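Next comes target.txt, with compact mmCIF, C-alpha atoms and all ligand atoms.
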# COMPACT_ATOMS: atom_id res chain seq x y z
CA MET A 430 -20.95 -16.49 -30.41
CA ALA A 431 -23.47 -15.15 -27.94
CA GLU A 432 -26.90 -14.39 -29.32
CA PHE A 433 -28.64 -11.43 -27.74
CA LYS A 434 -32.33 -11.29 -28.48
CA VAL A 435 -33.57 -7.85 -29.39
CA LYS A 436 -36.43 -8.03 -26.96
CA SER A 437 -36.71 -4.64 -25.30
CA LYS A 438 -37.87 -1.93 -27.61
CA ILE A 439 -38.53 0.26 -24.61
CA VAL A 440 -36.04 3.05 -24.30
CA SER A 441 -35.31 4.33 -20.84
CA GLU A 442 -37.39 7.19 -19.51
CA THR A 443 -34.58 9.69 -19.91
CA ASN A 444 -34.04 8.54 -23.48
CA SER A 445 -37.69 8.70 -24.47
CA LYS A 446 -37.97 12.24 -23.15
CA ASN A 447 -34.90 12.91 -25.28
CA LEU A 448 -33.92 15.96 -23.27
CA PHE A 449 -30.26 15.16 -23.50
CA GLN A 450 -28.24 17.51 -25.68
CA ARG A 451 -25.21 15.96 -27.35
CA PRO A 452 -22.27 18.37 -27.78
CA ASP A 453 -22.42 18.05 -31.60
CA GLY A 454 -26.23 18.22 -31.72
CA ARG A 455 -26.72 14.61 -32.90
CA GLY A 456 -29.76 12.58 -31.93
CA ILE A 457 -29.19 9.82 -29.39
CA LYS A 458 -29.37 7.10 -32.07
CA GLU A 459 -27.52 9.11 -34.69
CA MET A 460 -24.07 7.98 -35.78
CA ARG A 461 -21.50 10.44 -37.04
CA GLU A 462 -21.10 10.82 -40.81
CA THR A 463 -19.85 7.40 -41.86
CA GLU A 464 -18.10 6.13 -45.00
CA ALA A 465 -16.29 3.01 -46.16
CA LYS A 466 -14.12 2.10 -49.13
CA VAL A 467 -12.24 -1.04 -50.14
CA GLY A 468 -9.00 -1.40 -52.10
CA VAL A 469 -7.21 1.50 -50.41
CA VAL A 470 -3.90 -0.41 -50.08
CA PRO A 471 -3.22 -1.91 -53.52
CA ALA A 472 -0.23 -4.00 -52.36
CA ALA A 473 -2.32 -5.89 -49.78
CA ASP A 474 -4.45 -8.96 -50.55
CA GLY A 475 -7.43 -7.02 -49.22
CA SER A 476 -7.87 -3.58 -47.70
CA ALA A 477 -10.45 -1.09 -46.50
CA MET A 478 -10.96 2.31 -44.97
CA PHE A 479 -13.73 2.97 -42.46
CA ARG A 480 -14.49 6.48 -41.20
CA THR A 481 -16.92 7.69 -38.59
CA GLY A 482 -16.70 11.45 -38.05
CA LYS A 483 -13.04 12.30 -37.43
CA THR A 484 -12.05 8.69 -36.64
CA ILE A 485 -10.40 6.95 -39.60
CA ALA A 486 -9.19 3.33 -39.69
CA ILE A 487 -7.25 1.66 -42.49
CA ALA A 488 -7.07 -2.14 -42.53
CA ALA A 489 -4.79 -4.26 -44.73
CA VAL A 490 -5.01 -8.06 -44.96
CA TYR A 491 -2.14 -10.32 -46.03
CA GLY A 492 -2.76 -14.03 -46.56
CA PRO A 493 -3.89 -16.70 -45.97
CA LYS A 494 -0.25 -17.84 -45.96
CA LYS A 495 1.87 -20.45 -44.14
CA MET A 496 2.15 -19.57 -40.43
CA HIS A 497 5.66 -18.60 -39.34
CA PRO A 498 7.14 -19.27 -36.83
CA GLN A 499 6.38 -22.90 -37.59
CA HIS A 500 5.74 -23.91 -33.96
CA LYS A 501 2.65 -21.65 -33.97
CA GLN A 502 1.06 -23.64 -36.82
CA ASP A 503 -2.17 -25.43 -35.95
CA PRO A 504 -2.89 -28.34 -38.32
CA ALA A 505 -6.56 -28.29 -37.22
CA THR A 506 -7.31 -24.69 -38.27
CA GLY A 507 -6.10 -21.41 -39.67
CA GLN A 508 -5.48 -18.40 -37.46
CA ILE A 509 -5.98 -14.65 -37.57
CA ARG A 510 -3.19 -12.39 -36.35
CA CYS A 511 -4.24 -8.77 -35.70
CA GLU A 512 -2.14 -5.73 -35.14
CA TYR A 513 -3.90 -2.52 -34.12
CA ASN A 514 -1.86 0.67 -34.11
CA MET A 515 -2.78 4.28 -33.50
CA ILE A 516 -0.24 6.32 -35.39
CA SER A 517 1.65 9.10 -33.60
CA PHE A 518 -0.10 12.03 -35.23
CA SER A 519 -3.65 10.57 -35.04
CA VAL A 520 -4.43 12.71 -31.98
CA ASP A 521 -3.38 16.21 -30.83
CA GLU A 522 -1.07 14.91 -28.12
CA ARG A 523 1.46 12.86 -30.09
CA ILE A 524 1.48 9.15 -29.16
CA ARG A 525 4.80 7.44 -28.52
CA PRO A 526 5.33 5.09 -31.48
CA GLY A 527 5.55 1.33 -30.99
CA ARG A 528 3.53 -1.27 -29.17
CA ASN A 529 1.88 -0.43 -25.87
CA ARG A 530 -0.53 -2.29 -23.58
CA ARG A 531 -3.62 -0.59 -25.02
CA ALA A 532 -2.66 -1.49 -28.60
CA MET A 533 -1.92 -5.09 -27.57
CA GLU A 534 -5.31 -5.39 -25.86
CA ILE A 535 -7.23 -3.91 -28.79
CA SER A 536 -5.32 -6.17 -31.24
CA GLU A 537 -6.45 -9.22 -29.27
CA ILE A 538 -10.04 -7.98 -28.94
CA THR A 539 -10.21 -7.28 -32.67
CA LYS A 540 -9.09 -10.84 -33.38
CA TRP A 541 -11.79 -12.23 -31.07
CA ALA A 542 -14.44 -9.99 -32.68
CA LEU A 543 -13.57 -11.18 -36.20
CA GLU A 544 -12.74 -14.87 -35.67
CA PRO A 545 -16.31 -16.22 -35.41
CA SER A 546 -17.15 -14.76 -38.85
CA VAL A 547 -14.19 -16.26 -40.75
CA MET A 548 -14.11 -19.86 -42.02
CA LEU A 549 -10.67 -20.55 -40.62
CA ASP A 550 -11.06 -24.34 -40.82
CA LYS A 551 -10.39 -24.01 -44.57
CA TYR A 552 -6.82 -22.89 -43.87
CA PRO A 553 -5.06 -25.42 -41.59
CA SER A 554 -1.54 -24.36 -40.51
CA GLN A 555 -2.03 -20.98 -42.16
CA VAL A 556 -2.34 -17.42 -40.90
CA ILE A 557 -4.16 -14.31 -42.05
CA ASP A 558 -2.42 -11.12 -41.00
CA VAL A 559 -4.68 -8.12 -40.35
CA HIS A 560 -2.95 -4.77 -39.87
CA ILE A 561 -5.09 -1.89 -38.61
CA ASN A 562 -3.80 1.66 -38.54
CA ILE A 563 -5.77 4.49 -36.99
CA ILE A 564 -4.68 7.54 -38.91
CA GLN A 565 -7.02 9.95 -37.13
CA ALA A 566 -8.72 9.35 -33.77
CA ASP A 567 -11.75 10.86 -32.08
CA ALA A 568 -12.89 7.83 -30.01
CA GLY A 569 -14.44 4.63 -31.33
CA THR A 570 -11.18 3.53 -32.95
CA ARG A 571 -11.47 -0.15 -31.98
CA CYS A 572 -14.95 -0.25 -33.58
CA ALA A 573 -13.78 1.56 -36.72
CA GLY A 574 -10.82 -0.85 -36.88
CA ILE A 575 -13.11 -3.89 -36.64
CA ASN A 576 -15.41 -2.47 -39.35
CA ALA A 577 -12.44 -1.83 -41.66
CA ALA A 578 -10.85 -5.22 -40.92
CA SER A 579 -14.02 -7.19 -41.61
CA LEU A 580 -14.36 -5.39 -44.95
CA ALA A 581 -10.69 -5.96 -45.78
CA LEU A 582 -11.06 -9.70 -45.10
CA ALA A 583 -14.04 -9.86 -47.45
CA HIS A 584 -12.15 -7.79 -50.03
CA ALA A 585 -9.25 -10.29 -49.79
CA GLY A 586 -11.70 -13.04 -50.77
CA VAL A 587 -11.37 -14.86 -47.44
CA PRO A 588 -14.44 -17.12 -47.02
CA MET A 589 -16.69 -15.64 -44.33
CA LYS A 590 -20.02 -16.55 -42.78
CA ASP A 591 -20.94 -12.89 -42.38
CA LEU A 592 -19.51 -9.40 -42.06
CA VAL A 593 -18.88 -7.99 -38.59
CA SER A 594 -20.07 -4.47 -37.77
CA SER A 595 -19.11 -2.58 -34.66
CA VAL A 596 -20.25 0.52 -32.79
CA SER A 597 -19.72 2.07 -29.41
CA VAL A 598 -22.79 2.71 -27.26
CA GLY A 599 -22.38 5.07 -24.37
CA LYS A 600 -24.28 5.99 -21.25
CA LEU A 601 -23.75 9.67 -20.56
CA ASP A 602 -25.05 10.27 -17.06
CA LYS A 603 -28.32 8.27 -17.52
CA THR A 604 -28.85 8.57 -21.27
CA LEU A 605 -27.82 6.00 -23.88
CA VAL A 606 -26.30 7.34 -27.10
CA VAL A 607 -24.44 5.74 -30.02
CA ASP A 608 -21.02 6.37 -31.54
CA LEU A 609 -19.34 8.48 -28.86
CA THR A 610 -16.82 11.18 -29.67
CA LYS A 611 -13.79 11.75 -27.44
CA GLU A 612 -15.58 14.77 -25.94
CA GLU A 613 -18.50 12.51 -24.99
CA GLU A 614 -16.18 9.81 -23.63
CA ASP A 615 -14.79 12.47 -21.28
CA PHE A 616 -18.29 13.53 -20.07
CA GLU A 617 -18.17 14.14 -16.33
CA GLU A 618 -21.65 15.15 -15.19
CA GLY A 619 -23.98 12.97 -13.09
CA GLU A 620 -23.06 9.29 -13.38
CA GLY A 621 -20.31 10.17 -15.86
CA PRO A 622 -19.58 8.16 -19.02
CA THR A 623 -19.94 4.42 -19.64
CA ASP A 624 -18.47 3.16 -22.90
CA ILE A 625 -19.79 -0.10 -24.39
CA PRO A 626 -18.19 -1.09 -27.70
CA ILE A 627 -20.26 -3.88 -29.32
CA SER A 628 -19.58 -5.90 -32.47
CA MET A 629 -22.04 -8.21 -34.18
CA THR A 630 -22.74 -10.07 -37.39
CA SER A 631 -25.56 -8.97 -39.70
CA SER A 632 -27.67 -11.79 -38.22
CA GLY A 633 -27.35 -10.15 -34.78
CA LYS A 634 -24.81 -12.52 -33.21
CA VAL A 635 -22.66 -10.56 -30.80
CA THR A 636 -18.96 -11.35 -31.31
CA HIS A 637 -17.55 -8.73 -28.96
CA MET A 638 -18.74 -6.54 -26.11
CA GLN A 639 -16.76 -4.50 -23.59
CA LEU A 640 -17.94 -2.34 -20.74
CA ASP A 641 -16.02 0.48 -19.20
CA GLY A 642 -18.14 2.13 -16.48
CA LYS A 643 -21.38 1.29 -14.64
CA ILE A 644 -24.77 0.22 -16.06
CA GLY A 645 -27.86 -1.74 -14.95
CA VAL A 646 -29.13 -4.89 -16.67
CA LYS A 647 -32.10 -3.15 -18.34
CA GLN A 648 -29.98 -0.42 -19.88
CA LEU A 649 -27.37 -2.97 -20.93
CA GLN A 650 -30.03 -4.82 -22.92
CA GLU A 651 -31.13 -1.49 -24.40
CA SER A 652 -27.51 -0.80 -25.35
CA VAL A 653 -27.42 -4.04 -27.34
CA ASP A 654 -30.67 -3.05 -29.07
CA LEU A 655 -29.23 0.37 -29.96
CA ALA A 656 -25.99 -1.23 -31.19
CA LYS A 657 -28.03 -3.59 -33.36
CA GLU A 658 -29.80 -0.69 -35.07
CA SER A 659 -26.50 1.10 -35.74
CA CYS A 660 -24.76 -2.10 -36.86
CA GLU A 661 -27.54 -2.65 -39.40
CA GLU A 662 -26.74 0.80 -40.85
CA ILE A 663 -23.00 0.07 -40.80
CA TYR A 664 -23.58 -3.29 -42.51
CA GLU A 665 -25.35 -1.53 -45.40
CA ILE A 666 -22.41 0.90 -45.74
CA GLN A 667 -19.92 -2.01 -45.71
CA LYS A 668 -21.97 -3.96 -48.27
CA LYS A 669 -22.14 -0.91 -50.55
CA ALA A 670 -18.34 -0.45 -50.35
CA LEU A 671 -17.83 -4.04 -51.53
CA LYS A 672 -20.44 -3.71 -54.26
CA ASP A 673 -18.91 -0.43 -55.51
CA ALA A 674 -15.52 -2.17 -55.83
CA VAL A 675 -17.05 -5.05 -57.82
CA ASP A 676 -18.87 -2.56 -60.10
CA MET A 677 -15.62 -0.58 -60.65
CA GLU A 678 -13.75 -3.80 -61.51
CA ALA A 679 -16.46 -4.81 -63.99
CA LYS A 680 -16.19 -1.43 -65.76
CA LYS A 681 -12.41 -1.82 -66.34
N1 LIG B 701 -6.63 8.55 -27.12
C1 LIG B 701 -5.56 9.43 -27.13
N2 LIG B 701 -4.31 8.94 -26.84
C2 LIG B 701 -4.09 7.62 -26.53
C3 LIG B 701 -5.19 6.75 -26.52
C4 LIG B 701 -6.45 7.24 -26.82
O1 LIG B 701 -5.74 10.61 -27.41
O2 LIG B 701 -2.94 7.24 -26.27
C5 LIG B 701 -7.98 9.07 -27.48
C6 LIG B 701 -8.37 8.75 -28.92
O3 LIG B 701 -9.16 9.80 -29.44
C7 LIG B 701 -9.19 7.50 -28.74
C8 LIG B 701 -9.94 7.87 -27.47
O4 LIG B 701 -8.96 8.46 -26.65
O5 LIG B 701 -10.05 7.28 -29.84
C9 LIG B 701 -10.62 6.73 -26.76
O6 LIG B 701 -9.70 5.70 -26.52
P1 LIG B 701 -10.17 4.29 -26.00
O7 LIG B 701 -8.99 3.62 -25.39
O8 LIG B 701 -11.40 4.43 -25.17
O9 LIG B 701 -10.52 3.45 -27.32
P2 LIG B 701 -11.45 3.76 -28.58
O10 LIG B 701 -12.69 4.50 -28.09
O11 LIG B 701 -10.64 4.60 -29.51
O12 LIG B 701 -11.77 2.42 -29.13

Can the structure in the file be given as structure tokens, please?
Amino acid sequence: MAEFKVKSKIVSETNSKNLFQRPDGRGIKEMRETEAKVGVVPAADGSAMFRTGKTIAIAAVYGPKKMHPQHKQDPATGQIRCEYNMISFSVDERIRPGRNRRAMEISEITKWALEPSVMLDKYPSQVIDVHINIIQADAGTRCAGINAASLALAHAGVPMKDLVSSVSVGKLDKTLVVDLTKEEEDFEEGEGPTDIPISMTSSGKVTHMQLDGKIGVKQLQESVDLAKESCEEIYEIQKKALKDAVDMEAKK
């Protein structure tokens, strides 16, 4: 896991002037309305819903269980198997059902983002299946999926070192903002959009970072700082979802 130090508290000149108007009127550091809930798929060993604005992810965890096919078993460690899927009616223009390259890539990335937080050495030759379905999409689906999946793993009682929280930071022309909508991802003025999804543990260890666009080193460091602030907020929402489930169980 890479450890980014939160060293620059300086926001870029454009950001500090804060002249940039987001289409939905949010502040540059303001996430969309966010909520999380666990136990949404009773048949699964663990499950969670994570919503940011109009983007909704449902994650269901099955296992740990013996890895099949057998030749994929690793006697030294357990494994996570992720399947990300955006369902056909999650966006206005219907998506062709079934696996596609984008879904395969995001499935792999989600696995990489989660793996460092899970104590897989406790489950040699076993597998934990994580199924993520995006039932409504307005950008940031890989981050919402990671947030839901981390919660679902914790809800399943899988031993973890930490939760993973994820947010997309974007550079719209020259300004950094958090939690982009699809409208913002399609921004075309000036330098255009740069999308930087970042995932990290609550102790600030980055487990995943992607970059689609162009950005300088200084603003990239600032992006990590912004992501850290948002991930701290997301972590609190995730923790509350788990606590609410425990409280509900105790009341039964
Ligand atoms: N999208 C879409 N159809 C597709 C793929 C994506 O309408 O086949 C939209 C959807 O709103 C998604 C957004 O484009 O959230 C951004 O997709 P991207 O691949 O950048 O990943 P994300 O931001 O969702 O992690």

Can you write out as a Markdown table which residues of chain A fall within 6 Å of ligand LIG 701 (chain B), alongside each residue's closest atom pair and its distance in Å to one decimal, counting only C-alpha atoms and all ligand atoms and ordering rows by chain and ascending residue number?
| residue | atom | partner | partner_atom | distance |
| --- | --- | --- | --- | --- |
| A:Val520 | CA | B:LIG701 | O1 | 5.2 |
| A:Ile524 | CA | B:LIG701 | O2 | 5.6 |
| A:Ala566 | CA | B:LIG701 | O3 | 4.4 |
| A:Asp567 | CA | B:LIG701 | O3 | 3.8 |
| A:Ala568 | CA | B:LIG701 | O5 | 2.9 |
| A:Gly569 | CA | B:LIG701 | O10 | 3.7 |
| A:Thr570 | CA | B:LIG701 | O11 | 3.6 |
| A:Arg571 | CA | B:LIG701 | O12 | 3.8 |
| A:Lys611 | CA | B:LIG701 | O3 | 5.4 |

Tell me, counting all atoms listed in the file, for each residue of region 514-580 of chain A within 8 Å of region 633-642 of chain A, which pair of atoms is nearest and how far apart they are in Å to one decimal, in rows ordered by chain and increasing number, as JSON lines.
{"residue": "A:Ile538", "atom": "CA", "partner": "A:His637", "partner_atom": "CA", "distance": 7.5}
{"residue": "A:Trp541", "atom": "CA", "partner": "A:His637", "partner_atom": "CA", "distance": 7.1}
{"residue": "A:Ala542", "atom": "CA", "partner": "A:Thr636", "partner_atom": "CA", "distance": 4.9}
{"residue": "A:Leu543", "atom": "CA", "partner": "A:Thr636", "partner_atom": "CA", "distance": 7.3}
{"residue": "A:Pro545", "atom": "CA", "partner": "A:Thr636", "partner_atom": "CA", "distance": 6.9}

- Message: Please list as a ChimeraX atom specification every residue within 8 Å of region 500-517 of chain A, counting only C-alpha atoms and excluding residues in the same chain fewer than 2 positions away.
- Response: /A:496-498,519-520,523-526,528,532-533,535-537,539-540,544,549-566,574

- Contact residues around Ala489 (chain A) with only C-alpha atoms at 8 Å, ignoring same-chain residues under 3 positions, as a list in words: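 Once the nearby chain positions are removed, what remains is Val470, Ala473, Asp474, Gly475, Ser476, Ala477, Val559, His560, Ile561, Ala578 and Ala581 of chain A.
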
- Message: Could you check the closest approach to Glu658 (chain A) for each of A:Ile487, A:Ala465, A:Val607, A:Met589 and tell me which residue wins, using all atoms listed in the file?
- Response: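 The answer is A:Val607, which sits nearest to Glu658 (chain A).
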
Listed atoms of region 554-565 of chain A boxed along x, y and z, 6 Å each side, centre and edge lengths in Å, one decimal, as JSON:
{"center_x": -4.3, "center_y": -7.2, "center_z": -39.6, "size_x": 17.5, "size_y": 46.3, "size_z": 17.2}

- Measuring atom to atom with only C-alpha atoms, identify which of A:Lys643, A:Arg461, A:Lys681, A:Lys494 is nearest to Arg480 (chain A).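 Counting only C-alpha atoms, the residue closest to Arg480 (chain A) is A:Arg461.
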
- Query: Using all atoms listed in the file, which residue out of A:Gln499, A:Gln648, A:Thr623, A:Thr481 lies closest to Ile663 (chain A)?
  - Reply: A:Thr481

- Query: Looking at A:Lys590, A:Lys495, A:Lys657, A:Lys672, which one is nearest to Ser546 (chain A), with distances taken over all atoms listed in the file?
  - Reply: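 Using all atoms listed in the file, the shortest distance to Ser546 (chain A) belongs to A:Lys590.
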
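With CA of Glu665 (chain A) on one side and CA of Pro622 (chain A) on the other, the separation reads 28.7 Å.
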
- Message: What does the structure give for the distance between CA of Met548 (chain A) and CA of Asp676 (chain A), in Å to one decimal?
- Response: 25.5 Å

- Spatial neighbours of Glu462 (chain A), max dist 12 Å, all atoms listed in the file, sep filter under 6 positions, as a ChimeraX atom specification: /A:453,455,479-485,608,610,662-663,666

- Which distance in Å separates CA of Ala486 (chain A) and CA of Ala573 (chain A), to one decimal? 5.7 Å

- Item | From A:Gln650, A:Ile644, A:Gly454, A:Leu580, residue lying nearest Ala488 (chain A) [all atoms listed in the file] |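 Closest residue, counting all atoms listed in the file: A:Leu580.
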
- Message: With distances taken over only C-alpha atoms, which residue among A:Ile457, A:Met478, A:Val469, A:Ile627 lies nearest Lys600 (chain A)?
- Response: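 Among A:Ile457, A:Met478, A:Val469, A:Ile627, it is A:Ile457 that comes nearest to Lys600 (chain A).
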
- Message: Need the shell around Tyr664 (chain A): protein/DNA/RNA residues with any atom at most 10 Å away, counting only C-alpha atoms. Skip same-chain ones fewer than 2 positions apart. Format as number ranges by chain?
- Response: A: 576, 580, 591-595, 629-631, 659-662, 666-670
